[in-house]
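Engineer: protein_14.pdb is reproduced in full below (PDB, C-alpha atoms).
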ATOM      1  CA  MET K   1      -2.374 -58.466 -13.336
ATOM      2  CA  SER K   2      -1.775 -60.509 -10.210
ATOM      3  CA  ASN K   3      -1.045 -64.073  -9.333
ATOM      4  CA  ILE K   4      -3.500 -66.085  -7.309
ATOM      5  CA  ASN K   5      -2.199 -68.809  -5.040
ATOM      6  CA  GLU K   6      -4.678 -70.611  -2.876
ATOM      7  CA  SER K   7      -3.387 -73.932  -1.686
ATOM      8  CA  ALA K   8      -5.402 -77.084  -1.157
ATOM      9  CA  THR K   9      -4.893 -76.922   2.575
ATOM     10  CA  SER K  10      -6.698 -73.602   2.831
ATOM     11  CA  SER K  11      -9.699 -74.448   0.785
ATOM     12  CA  ALA K  12     -12.509 -76.888   0.637
ATOM     13  CA  LYS K  13     -10.644 -79.483  -1.338
ATOM     14  CA  ALA K  14     -13.477 -81.921  -1.576
ATOM     15  CA  SER K  15     -16.219 -79.400  -2.084
ATOM     16  CA  ASN K  16     -18.945 -80.074  -4.559
ATOM     17  CA  GLY K  17     -19.890 -77.824  -7.406
ATOM     18  CA  ILE K  18     -19.116 -76.935 -10.944
ATOM     19  CA  ALA K  19     -16.447 -74.737 -12.434
ATOM     20  CA  ASN K  20     -15.845 -73.836 -16.034
ATOM     21  CA  ILE K  21     -12.709 -74.735 -17.928
ATOM     22  CA  ARG K  22     -11.755 -73.190 -21.265
ATOM     23  CA  PHE K  23      -8.977 -73.628 -23.780
ATOM     24  CA  GLY K  24      -9.225 -72.145 -27.261
ATOM     25  CA  VAL K  25     -12.369 -73.485 -28.920
ATOM     26  CA  TYR K  26     -13.138 -75.722 -25.939
ATOM     27  CA  ASN K  27     -15.442 -74.667 -23.109
ATOM     28  CA  GLN K  28     -16.870 -77.096 -20.584
ATOM     29  CA  PRO K  29     -18.517 -76.849 -17.170
ATOM     30  CA  SER K  30     -16.904 -79.614 -15.162
ATOM     31  CA  GLN K  31     -16.598 -81.147 -11.724
ATOM     32  CA  ILE K  32     -13.104 -79.828 -11.124
ATOM     33  CA  VAL K  33     -13.853 -77.967  -7.904
ATOM     34  CA  GLY K  34     -11.256 -78.935  -5.321
ATOM     35  CA  LYS K  35      -8.665 -79.848  -7.923
ATOM     36  CA  SER K  36      -5.519 -77.825  -8.477
ATOM     37  CA  VAL K  37      -4.668 -76.079 -11.731
ATOM     38  CA  LYS K  38      -1.975 -78.686 -12.296
ATOM     39  CA  GLU K  39      -4.417 -81.565 -11.809
ATOM     40  CA  THR K  40      -6.949 -79.926 -14.104
ATOM     41  CA  ARG K  41      -4.376 -79.428 -16.830
ATOM     42  CA  GLU K  42      -3.393 -83.080 -16.562
ATOM     43  CA  GLN K  43      -7.039 -84.129 -16.814
ATOM     44  CA  PHE K  44      -7.863 -82.050 -19.885
ATOM     45  CA  GLY K  45      -4.420 -81.674 -21.420
ATOM     46  CA  ARG K  46      -4.390 -84.820 -23.484
ATOM     47  CA  LEU K  47      -8.026 -84.469 -24.515
ATOM     48  CA  TRP K  48      -7.761 -80.876 -25.667
ATOM     49  CA  GLY K  49      -4.025 -80.611 -26.421
ATOM     50  CA  ILE K  50      -3.235 -78.111 -23.658
ATOM     51  CA  PRO K  51       0.542 -77.526 -23.574
ATOM     52  CA  ASN K  52       2.296 -78.353 -20.303
ATOM     53  CA  ASP K  53       3.417 -74.752 -19.923
ATOM     54  CA  ALA K  54       0.053 -73.151 -20.709
ATOM     55  CA  VAL K  55      -0.638 -70.487 -18.080
ATOM     56  CA  ALA K  56      -4.025 -70.640 -16.367
ATOM     57  CA  TYR K  57      -6.057 -67.466 -15.940
ATOM     58  CA  LYS K  58      -9.066 -66.500 -13.864
ATOM     59  CA  GLY K  59     -10.185 -63.320 -15.538
ATOM     60  CA  LYS K  60      -6.944 -61.350 -16.028
ATOM     61  CA  ASP K  61      -5.252 -62.996 -13.035
ATOM     62  CA  LYS K  62      -2.670 -65.686 -13.588
ATOM     63  CA  LEU K  63      -3.249 -68.718 -11.407
ATOM     64  CA  ASP K  64      -0.553 -70.535  -9.519
ATOM     65  CA  GLU K  65      -0.129 -74.237 -10.303
ATOM     66  CA  ASN K  66      -1.329 -75.064  -6.796
ATOM     67  CA  TYR K  67      -4.420 -72.877  -6.889
ATOM     68  CA  VAL K  68      -7.455 -74.941  -5.946
ATOM     69  CA  ILE K  69     -10.432 -74.387  -8.174
ATOM     70  CA  GLN K  70     -13.506 -72.990  -6.457
ATOM     71  CA  PRO K  71     -17.196 -73.380  -7.330
ATOM     72  CA  ASN K  72     -18.197 -71.138 -10.246
ATOM     73  CA  ASP K  73     -14.590 -70.359 -11.167
ATOM     74  CA  ASN K  74     -13.979 -69.708 -14.830
ATOM     75  CA  VAL K  75     -10.518 -71.083 -15.520
ATOM     76  CA  GLU K  76      -8.927 -70.424 -18.889
ATOM     77  CA  PHE K  77      -5.742 -72.086 -20.089
ATOM     78  CA  HIS K  78      -3.840 -69.833 -22.436
ATOM     79  CA  ARG K  79      -4.126 -70.732 -26.105
ATOM     80  CA  ARG K  80      -1.623 -69.006 -28.333
ATOM     81  CA  ALA K  81      -3.326 -66.733 -30.835
ATOM     82  CA  GLY K  82      -3.196 -67.441 -34.555
ATOM     83  CA  GLU K  83       0.063 -65.998 -35.845
ATOM     84  CA  LYS K  84       0.223 -66.246 -39.608
ATOM     85  CA  GLY K  85      -1.766 -64.667 -42.339
TER      86      GLY K  85
ATOM     87  CA  MET U   1     -26.892 -45.751 -45.767
ATOM     88  CA  VAL U   2     -24.641 -44.590 -42.941
ATOM     89  CA  SER U   3     -23.171 -41.197 -43.781
ATOM     90  CA  GLU U   4     -19.965 -40.702 -41.855
ATOM     91  CA  ASN U   5     -16.555 -40.966 -43.401
ATOM     92  CA  LYS U   6     -14.148 -43.519 -41.992
ATOM     93  CA  ARG U   7     -10.410 -44.083 -42.215
ATOM     94  CA  PHE U   8      -9.481 -47.747 -42.275
ATOM     95  CA  VAL U   9      -5.831 -48.771 -42.163
ATOM     96  CA  ILE U  10      -4.983 -52.307 -43.173
ATOM     97  CA  VAL U  11      -1.444 -53.378 -42.323
ATOM     98  CA  GLY U  12      -0.402 -56.524 -44.160
ATOM     99  CA  ALA U  13      -1.770 -57.373 -47.593
ATOM    100  CA  GLY U  14      -1.086 -61.090 -47.569
ATOM    101  CA  GLY U  15      -3.098 -64.264 -47.060
ATOM    102  CA  VAL U  16      -5.626 -62.580 -44.749
ATOM    103  CA  GLY U  17      -5.156 -58.976 -45.841
ATOM    104  CA  THR U  18      -5.971 -59.362 -49.522
ATOM    105  CA  TRP U  19      -9.346 -60.941 -48.781
ATOM    106  CA  LEU U  20     -10.091 -58.511 -45.971
ATOM    107  CA  ALA U  21      -9.257 -55.527 -48.207
ATOM    108  CA  GLU U  22     -11.782 -56.765 -50.772
ATOM    109  CA  GLY U  23     -14.467 -56.961 -48.088
ATOM    110  CA  VAL U  24     -13.662 -53.634 -46.433
ATOM    111  CA  ALA U  25     -13.616 -51.906 -49.837
ATOM    112  CA  ARG U  26     -17.184 -53.048 -50.455
ATOM    113  CA  LEU U  27     -18.256 -52.078 -46.953
ATOM    114  CA  LEU U  28     -16.873 -48.550 -47.373
ATOM    115  CA  GLU U  29     -18.218 -48.121 -50.898
ATOM    116  CA  TRP U  30     -21.797 -48.853 -49.859
ATOM    117  CA  LYS U  31     -21.950 -47.912 -46.180
ATOM    118  CA  TYR U  32     -19.495 -45.036 -45.917
ATOM    119  CA  PRO U  33     -18.934 -43.410 -49.350
ATOM    120  CA  GLY U  34     -16.085 -40.897 -49.365
ATOM    121  CA  SER U  35     -14.071 -42.939 -46.876
ATOM    122  CA  ALA U  36     -10.441 -44.028 -47.177
ATOM    123  CA  LEU U  37      -8.724 -47.384 -47.024
ATOM    124  CA  ILE U  38      -4.977 -47.139 -46.479
ATOM    125  CA  ILE U  39      -3.105 -50.310 -47.408
ATOM    126  CA  VAL U  40       0.327 -50.767 -45.841
ATOM    127  CA  ASP U  41       2.812 -53.448 -46.867
ATOM    128  CA  GLY U  42       6.486 -53.304 -47.770
ATOM    129  CA  ASP U  43       6.486 -56.745 -49.337
ATOM    130  CA  ASN U  44       6.115 -57.773 -52.978
ATOM    131  CA  TYR U  45       3.570 -60.154 -54.455
ATOM    132  CA  GLU U  46       5.348 -63.119 -56.022
ATOM    133  CA  GLU U  47       4.331 -66.255 -57.886
ATOM    134  CA  LYS U  48       4.686 -68.355 -54.718
ATOM    135  CA  ASN U  49       1.892 -66.295 -53.033
ATOM    136  CA  LYS U  50      -0.658 -67.140 -55.716
ATOM    137  CA  GLU U  51      -2.157 -70.147 -53.934
ATOM    138  CA  ARG U  52      -3.620 -68.040 -51.095
ATOM    139  CA  GLN U  53      -3.451 -64.379 -52.047
ATOM    140  CA  HIS U  54      -5.627 -62.344 -54.395
ATOM    141  CA  PHE U  55      -3.707 -60.092 -56.790
ATOM    142  CA  THR U  56      -3.926 -59.547 -60.550
ATOM    143  CA  LYS U  57      -0.268 -58.727 -61.131
ATOM    144  CA  MET U  58       3.170 -58.840 -59.533
ATOM    145  CA  GLY U  59       4.605 -55.888 -57.635
ATOM    146  CA  ASN U  60       4.415 -54.242 -54.227
ATOM    147  CA  LYS U  61       1.376 -55.650 -52.452
ATOM    148  CA  ALA U  62       0.068 -52.327 -51.129
ATOM    149  CA  SER U  63       0.459 -50.583 -54.482
ATOM    150  CA  VAL U  64      -1.059 -53.372 -56.563
ATOM    151  CA  LYS U  65      -4.050 -53.912 -54.264
ATOM    152  CA  ALA U  66      -4.782 -50.172 -53.981
ATOM    153  CA  LEU U  67      -4.720 -49.846 -57.771
ATOM    154  CA  GLU U  68      -6.967 -52.876 -58.252
ATOM    155  CA  LEU U  69      -9.539 -51.514 -55.806
ATOM    156  CA  THR U  70      -9.377 -48.001 -57.266
ATOM    157  CA  GLN U  71     -10.274 -49.475 -60.667
ATOM    158  CA  GLN U  72     -13.317 -51.237 -59.163
ATOM    159  CA  PHE U  73     -14.772 -48.700 -56.731
ATOM    160  CA  SER U  74     -15.373 -44.989 -57.318
ATOM    161  CA  LYS U  75     -16.649 -43.708 -53.957
ATOM    162  CA  THR U  76     -13.729 -44.868 -51.807
ATOM    163  CA  ILE U  77     -10.167 -43.573 -51.729
ATOM    164  CA  PHE U  78      -7.481 -46.254 -51.703
ATOM    165  CA  ILE U  79      -4.046 -45.129 -50.561
ATOM    166  CA  PRO U  80      -1.012 -47.425 -50.848
ATOM    167  CA  VAL U  81       1.802 -47.177 -48.334
ATOM    168  CA  PRO U  82       4.535 -49.489 -49.694
ATOM    169  CA  LYS U  83       6.486 -49.519 -46.448
ATOM    170  CA  TRP U  84       7.325 -51.754 -43.500
ATOM    171  CA  ILE U  85       5.957 -50.767 -40.115
ATOM    172  CA  VAL U  86       8.469 -50.347 -37.281
ATOM    173  CA  GLY U  87       8.345 -49.274 -33.652
ATOM    174  CA  ASP U  88       9.364 -45.897 -32.257
ATOM    175  CA  ASN U  89      12.639 -47.314 -30.963
ATOM    176  CA  PHE U  90      13.732 -48.627 -34.365
ATOM    177  CA  ASN U  91      17.211 -47.386 -35.165
ATOM    178  CA  GLY U  92      18.161 -49.592 -38.115
ATOM    179  CA  VAL U  93      18.733 -48.592 -41.692
ATOM    180  CA  THR U  94      15.947 -47.158 -43.851
ATOM    181  CA  ASP U  95      16.755 -47.124 -47.559
ATOM    182  CA  ASP U  96      14.929 -47.144 -50.896
ATOM    183  CA  ASP U  97      14.948 -50.942 -51.010
ATOM    184  CA  SER U  98      13.345 -51.234 -47.599
ATOM    185  CA  PRO U  99      11.294 -48.111 -46.784
ATOM    186  CA  LYS U 100       9.892 -48.009 -43.269
ATOM    187  CA  MET U 101       7.306 -46.044 -41.318
ATOM    188  CA  LYS U 102       6.800 -45.764 -37.583
ATOM    189  CA  ALA U 103       3.431 -47.026 -36.376
ATOM    190  CA  SER U 104       2.993 -43.871 -34.297
ATOM    191  CA  ASP U 105       3.324 -41.791 -37.483
ATOM    192  CA  LEU U 106       0.771 -43.948 -39.290
ATOM    193  CA  LEU U 107      -2.093 -44.140 -36.827
ATOM    194  CA  ILE U 108      -4.333 -41.214 -35.905
ATOM    195  CA  GLU U 109      -7.409 -40.699 -33.739
ATOM    196  CA  ASN U 110     -10.571 -42.551 -34.823
ATOM    197  CA  ASP U 111      -8.711 -44.939 -37.107
ATOM    198  CA  ILE U 112     -10.004 -48.451 -37.611
ATOM    199  CA  VAL U 113      -6.866 -50.551 -37.885
ATOM    200  CA  LEU U 114      -6.687 -54.034 -39.331
ATOM    201  CA  ALA U 115      -3.429 -55.561 -38.158
ATOM    202  CA  VAL U 116      -3.174 -58.635 -40.343
ATOM    203  CA  VAL U 117       0.568 -59.058 -40.567
ATOM    204  CA  ASP U 118       2.048 -62.524 -40.125
ATOM    205  CA  ASN U 119       3.895 -62.038 -36.850
ATOM    206  CA  PHE U 120       3.252 -61.003 -33.251
ATOM    207  CA  ALA U 121       6.136 -58.510 -33.163
ATOM    208  CA  ALA U 122       4.621 -56.165 -35.754
ATOM    209  CA  ARG U 123       1.148 -56.570 -34.241
ATOM    210  CA  LYS U 124       2.497 -55.565 -30.849
ATOM    211  CA  ILE U 125       4.013 -52.422 -32.373
ATOM    212  CA  LEU U 126       0.585 -51.491 -33.757
ATOM    213  CA  PHE U 127      -1.277 -52.259 -30.516
ATOM    214  CA  ASP U 128       1.271 -50.278 -28.503
ATOM    215  CA  ALA U 129       0.947 -47.275 -30.831
ATOM    216  CA  ALA U 130      -2.853 -47.528 -30.625
ATOM    217  CA  SER U 131      -2.714 -47.576 -26.825
ATOM    218  CA  ASN U 132      -1.454 -43.970 -26.946
ATOM    219  CA  LEU U 133      -4.549 -42.758 -28.786
ATOM    220  CA  ASP U 134      -7.888 -41.885 -27.195
ATOM    221  CA  ASN U 135     -10.293 -43.324 -29.767
ATOM    222  CA  ILE U 136      -9.300 -46.231 -31.943
ATOM    223  CA  ASP U 137     -10.246 -49.786 -32.909
ATOM    224  CA  VAL U 138      -7.640 -52.397 -33.765
ATOM    225  CA  PHE U 139      -8.715 -55.737 -35.156
ATOM    226  CA  THR U 140      -6.163 -58.467 -35.605
ATOM    227  CA  GLY U 141      -6.288 -62.092 -36.642
ATOM    228  CA  GLY U 142      -4.143 -64.961 -37.715
ATOM    229  CA  ASN U 143      -4.002 -68.677 -38.216
ATOM    230  CA  ASP U 144      -1.661 -71.602 -37.884
ATOM    231  CA  ASP U 145      -0.585 -73.947 -40.650
ATOM    232  CA  ALA U 146      -3.831 -75.883 -40.554
ATOM    233  CA  LEU U 147      -7.448 -75.013 -39.791
ATOM    234  CA  PHE U 148      -7.072 -73.128 -36.498
ATOM    235  CA  GLY U 149      -7.291 -69.369 -36.248
ATOM    236  CA  SER U 150      -8.260 -66.525 -33.953
ATOM    237  CA  ILE U 151      -9.171 -62.851 -34.039
ATOM    238  CA  TYR U 152      -8.990 -60.057 -31.438
ATOM    239  CA  HIS U 153     -10.598 -56.618 -31.109
ATOM    240  CA  TYR U 154      -8.883 -53.876 -29.079
ATOM    241  CA  GLN U 155     -11.041 -50.799 -28.562
ATOM    242  CA  ARG U 156     -10.362 -47.452 -26.865
ATOM    243  CA  ARG U 157     -12.879 -44.662 -26.294
ATOM    244  CA  ASN U 158     -12.206 -41.240 -24.756
ATOM    245  CA  GLY U 159      -8.790 -42.318 -23.549
ATOM    246  CA  VAL U 160     -10.088 -45.449 -21.827
ATOM    247  CA  ALA U 161      -9.491 -49.032 -22.914
ATOM    248  CA  ILE U 162     -12.870 -50.680 -23.493
ATOM    249  CA  THR U 163     -11.235 -54.015 -24.222
ATOM    250  CA  GLU U 164      -7.865 -55.119 -22.931
ATOM    251  CA  HIS U 165      -4.606 -54.782 -24.847
ATOM    252  CA  PRO U 166      -4.034 -58.405 -25.939
ATOM    253  CA  VAL U 167      -0.894 -58.583 -23.858
ATOM    254  CA  ALA U 168      -3.198 -59.052 -20.830
ATOM    255  CA  PHE U 169      -4.142 -62.537 -22.020
ATOM    256  CA  HIS U 170      -1.376 -63.423 -24.451
ATOM    257  CA  PRO U 171       2.245 -63.772 -23.344
ATOM    258  CA  GLU U 172       3.196 -63.991 -27.022
ATOM    259  CA  TYR U 173       2.456 -60.261 -27.253
ATOM    260  CA  GLU U 174       4.555 -59.481 -24.210
ATOM    261  CA  ASN U 175       7.604 -61.250 -25.590
ATOM    262  CA  PRO U 176       6.969 -61.976 -29.279
ATOM    263  CA  PRO U 177       8.631 -65.238 -30.328
ATOM    264  CA  ASP U 178       9.026 -63.936 -33.870
ATOM    265  CA  LYS U 179      10.586 -60.878 -35.498
ATOM    266  CA  ASN U 180       9.059 -57.956 -37.299
ATOM    267  CA  PRO U 181      10.058 -58.351 -40.971
ATOM    268  CA  GLY U 182      10.292 -54.566 -41.183
ATOM    269  CA  GLU U 183      13.252 -54.676 -38.843
ATOM    270  CA  LEU U 184      15.088 -57.412 -40.751
ATOM    271  CA  SER U 185      17.438 -57.125 -43.684
ATOM    272  CA  CYS U 186      16.249 -58.097 -47.178
ATOM    273  CA  GLN U 187      18.271 -61.299 -46.895
ATOM    274  CA  GLU U 188      16.728 -62.209 -43.527
ATOM    275  CA  ARG U 189      13.227 -61.504 -44.843
ATOM    276  CA  ALA U 190      13.808 -63.750 -47.835
ATOM    277  CA  GLU U 191      14.656 -66.598 -45.493
ATOM    278  CA  ILE U 192      11.380 -66.426 -43.562
ATOM    279  CA  ASP U 193       9.313 -69.495 -44.242
ATOM    280  CA  GLY U 194       5.669 -68.737 -44.975
ATOM    281  CA  GLY U 195       4.718 -72.226 -43.825
ATOM    282  CA  THR U 196       1.942 -74.275 -45.315
ATOM    283  CA  GLN U 197      -1.088 -72.122 -44.610
ATOM    284  CA  LEU U 198      -4.503 -72.875 -46.021
ATOM    285  CA  LEU U 199      -6.643 -70.550 -48.093
ATOM    286  CA  ALA U 200      -9.779 -71.546 -46.175
ATOM    287  CA  THR U 201      -8.294 -70.481 -42.838
ATOM    288  CA  ASN U 202      -6.975 -67.194 -44.239
ATOM    289  CA  MET U 203     -10.425 -66.397 -45.614
ATOM    290  CA  ALA U 204     -12.133 -67.415 -42.362
ATOM    291  CA  VAL U 205      -9.934 -65.009 -40.382
ATOM    292  CA  ALA U 206     -10.808 -62.234 -42.836
ATOM    293  CA  ALA U 207     -14.536 -63.062 -42.654
ATOM    294  CA  MET U 208     -14.539 -63.092 -38.844
ATOM    295  CA  ILE U 209     -12.832 -59.703 -38.658
ATOM    296  CA  LEU U 210     -15.297 -58.304 -41.198
ATOM    297  CA  GLY U 211     -18.110 -59.707 -39.088
ATOM    298  CA  ARG U 212     -16.843 -57.951 -35.962
ATOM    299  CA  ILE U 213     -16.491 -54.690 -37.946
ATOM    300  CA  ASN U 214     -20.121 -55.018 -39.004
ATOM    301  CA  HIS U 215     -21.239 -55.679 -35.435
ATOM    302  CA  THR U 216     -19.187 -53.098 -33.539
ATOM    303  CA  ILE U 217     -18.560 -50.319 -36.072
ATOM    304  CA  VAL U 218     -21.502 -50.409 -38.497
ATOM    305  CA  ASP U 219     -24.125 -51.557 -35.999
ATOM    306  CA  LYS U 220     -22.380 -49.789 -33.067
ATOM    307  CA  GLN U 221     -22.823 -52.773 -30.733
ATOM    308  CA  ASN U 222     -20.507 -53.334 -27.790
ATOM    309  CA  PRO U 223     -17.365 -55.426 -28.236
ATOM    310  CA  GLU U 224     -18.457 -58.121 -25.814
ATOM    311  CA  VAL U 225     -17.080 -60.729 -28.170
ATOM    312  CA  SER U 226     -13.567 -59.341 -28.202
ATOM    313  CA  GLU U 227     -11.739 -62.524 -29.097
ATOM    314  CA  ILE U 228     -12.802 -65.578 -31.071
ATOM    315  CA  TYR U 229     -10.943 -68.840 -31.445
ATOM    316  CA  PHE U 230     -12.055 -71.125 -34.261
ATOM    317  CA  ASP U 231     -11.150 -74.461 -35.758
ATOM    318  CA  LEU U 232     -12.553 -75.238 -39.192
ATOM    319  CA  GLY U 233     -11.590 -78.896 -38.818
ATOM    320  CA  LEU U 234     -13.555 -79.318 -35.606
ATOM    321  CA  GLY U 235     -16.327 -77.021 -36.813
ATOM    322  CA  LYS U 236     -16.113 -75.010 -33.587
ATOM    323  CA  ALA U 237     -15.806 -71.347 -32.695
ATOM    324  CA  GLU U 238     -15.604 -69.940 -29.168
ATOM    325  CA  PRO U 239     -16.128 -66.293 -28.157
ATOM    326  CA  TYR U 240     -14.248 -64.622 -25.286
ATOM    327  CA  ASP U 241     -15.179 -61.383 -23.534
ATOM    328  CA  ARG U 242     -12.038 -59.258 -23.027
ATOM    329  CA  ARG U 243     -13.695 -56.029 -21.880
ATOM    330  CA  THR U 244     -11.834 -54.202 -19.148
ATOM    331  CA  SER U 245     -14.937 -53.676 -17.022
ATOM    332  CA  LEU U 246     -15.291 -57.371 -16.415
ATOM    333  CA  SER U 247     -14.454 -58.892 -13.140
ATOM    334  CA  GLU U 248     -14.464 -62.655 -12.853
ATOM    335  CA  VAL U 249     -17.250 -64.172 -14.924
ATOM    336  CA  SER U 250     -19.053 -66.987 -13.185
ATOM    337  CA  VAL U 251     -20.353 -70.083 -14.879
TER     338      VAL U 251
END
Turn this file's structure into structure tokens for me.

Structural biologist:
Amino acid sequence: MSNINESATSSAKASNGIANIRFGVYNQPSQIVGKSVKETREQFGRLWGIPNDAVAYKGKDKLDENYVIQPNDNVEFHRRAGEKG
Amino acid sequence: MVSENKRFVIVGAGGVGTWLAEGVARLLEWKYPGSALIIVDGDNYEEKNKERQHFTKMGNKASVKALELTQQFSKTIFIPVPKWIVGDNFNGVTDDDSPKMKASDLLIENDIVLAVVDNFAARKILFDAASNLDNIDVFTGGNDDALFGSIYHYQRRNGVAITEHPVAFHPEYENPPDKNPGELSCQERAEIDGGTQLLATNMAVAAMILGRINHTIVDKQNPEVSEIYFDLGLGKAEPYDRRTSLSEVSV
């Protein structure tokens, strides 16, 4: 597993396009391309209940808070698995 | 009818495990006669468990459930293991009041393991033991205190992980926030709060695991849907592909 850090200055911050964001039962293509992981969490956090410390993944790679989301990215915020039974 | 014998190992005969055992027993009886279901649990069934768990009498959960199923089904062998599961590095006390068994001594090649204990620590022990075997399936699942739950399928074939060990996507498996009851004293175990779980969510976890067993073991389909999150309150379920061969999946 690796960490991905791609800052806003090195990417097309205002680029158009769609990326996918997921958290637990939620899954939504969204116009978040050009936004950072931190900004995306803030946007969806209250709506979906994403914890402030939820790690973002792209595949198996953990994303840095400043990673700028690219077109067609599939960004998943970690949702703790069900524990009890 | 499918005619190959299977060895299923269910670890945890509680809110999820009792319902799952009932389903797996029927699956084995009709699909794989002559198979074995090993039921592992060191805990006792008590009056307070009655709201969510399916037993006909008090006593050790593994022993009572194995006896109940033996009385109902004639073509399947039910084996109770009334012990707590511990890791290979466990060096605490093992006595008659708290018998223990190492996960690496329990699991063998080609097992289908149902890790439905109520904590991440014991699940991690089972996943880690499974990761040392060449061919094995481990299904796990759990819920919170309300209507949310999730399940996960870890599969290995010919020494290769087909789906990821859950630690790849779940920090709670890397550093479990809870403790394995098998490594606690009787007093510490008695103090664990079972929370306010719901029967519906327990049964939904069991049903989802049984569904994945049907799809990947009985029907021999690939484990593309390796993890499912669900919320009975929202009426939503979401599948995740955790296969190792995946690179980034585009929208």

Engineer: Applying 6 Å and only C-alpha atoms, which residues near U:Tyr152 remain after dropping the ones on its own chain fewer than 5 positions away? List them as a ChimeraX atom specification.

Structural biologist: /U:139-140,226-227

Engineer: Would you write out, as an NGL selection string, every residue that the PyMOL selection byres ((chain U) within 8 of (chain K)) captures in this file?

Structural biologist: :U and (14-17 or 116-120 or 141-145 or 148-151 or 168-170 or 172 or 197 or 202 or 229-231 or 236-238 or 246-251)

Engineer: Taking the file as shown, find all residues satisfying the PyMOL selection byres ((chain U and resi 57-67) around 7) and write them as a PyMOL selection string.

Structural biologist: chain U and resi 13+39-46+55-56+68-71+78-82

Engineer: So the first atom is atom CA of U:Leu198 and the second is atom CA of U:Glu51; what is the distance between them in Å, to one decimal place?

Structural biologist: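 Atom CA of U:Glu51 lies 8.7 Å from atom CA of U:Leu198.
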
Engineer: Distance atom CA of U:Leu107-atom CA of U:Glu188, one decimal place?

Structural biologist: 26.9 Å

Engineer: My structure is short of atoms at stretch 150-166 of chain U; please model N, CA and C atoms there, returning them as a short mmCIF file (atom, residue, chain, number, x, y, z; two decimals), in the frame of the given file.

Structural biologist:
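rebuild19.cif written:
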data_model
loop_
_atom_site.label_atom_id
_atom_site.label_comp_id
_atom_site.auth_asym_id
_atom_site.auth_seq_id
_atom_site.Cartn_x
_atom_site.Cartn_y
_atom_site.Cartn_z
N SER U 150 -7.63 -67.34 -34.99
CA SER U 150 -8.26 -66.53 -33.95
C SER U 150 -8.24 -65.06 -34.38
N ILE U 151 -9.15 -64.30 -33.80
CA ILE U 151 -9.17 -62.85 -34.04
C ILE U 151 -9.30 -62.14 -32.70
N TYR U 152 -8.94 -60.84 -32.67
CA TYR U 152 -8.99 -60.06 -31.44
C TYR U 152 -9.37 -58.62 -31.79
N HIS U 153 -10.17 -58.01 -30.92
CA HIS U 153 -10.60 -56.62 -31.11
C HIS U 153 -10.19 -55.79 -29.89
N TYR U 154 -9.32 -54.82 -30.12
CA TYR U 154 -8.88 -53.88 -29.08
C TYR U 154 -9.57 -52.55 -29.36
N GLN U 155 -10.29 -52.04 -28.36
CA GLN U 155 -11.04 -50.80 -28.56
C GLN U 155 -10.75 -49.80 -27.45
N ARG U 156 -10.54 -48.54 -27.83
CA ARG U 156 -10.36 -47.45 -26.86
C ARG U 156 -11.36 -46.34 -27.19
N ARG U 157 -11.95 -45.77 -26.14
CA ARG U 157 -12.88 -44.66 -26.29
C ARG U 157 -12.58 -43.61 -25.23
N ASN U 158 -12.44 -42.37 -25.67
CA ASN U 158 -12.21 -41.24 -24.76
C ASN U 158 -11.03 -41.50 -23.81
N GLY U 159 -10.00 -42.09 -24.33
CA GLY U 159 -8.79 -42.32 -23.55
C GLY U 159 -8.84 -43.52 -22.64
N VAL U 160 -9.93 -44.29 -22.71
CA VAL U 160 -10.09 -45.45 -21.83
C VAL U 160 -10.14 -46.73 -22.67
N ALA U 161 -9.44 -47.74 -22.21
CA ALA U 161 -9.49 -49.03 -22.91
C ALA U 161 -10.82 -49.72 -22.62
N ILE U 162 -11.60 -49.97 -23.66
CA ILE U 162 -12.87 -50.68 -23.49
C ILE U 162 -12.61 -52.19 -23.46
N THR U 163 -11.70 -52.62 -24.31
CA THR U 163 -11.24 -54.02 -24.22
C THR U 163 -9.73 -53.98 -23.90
N GLU U 164 -9.26 -55.06 -23.36
CA GLU U 164 -7.86 -55.12 -22.93
C GLU U 164 -6.90 -55.14 -24.12
N HIS U 165 -5.74 -54.55 -23.93
CA HIS U 165 -4.61 -54.78 -24.85
C HIS U 165 -4.36 -56.30 -24.81
N PRO U 166 -4.15 -56.94 -25.95
CA PRO U 166 -4.03 -58.40 -25.94
C PRO U 166 -2.90 -58.95 -25.08
#
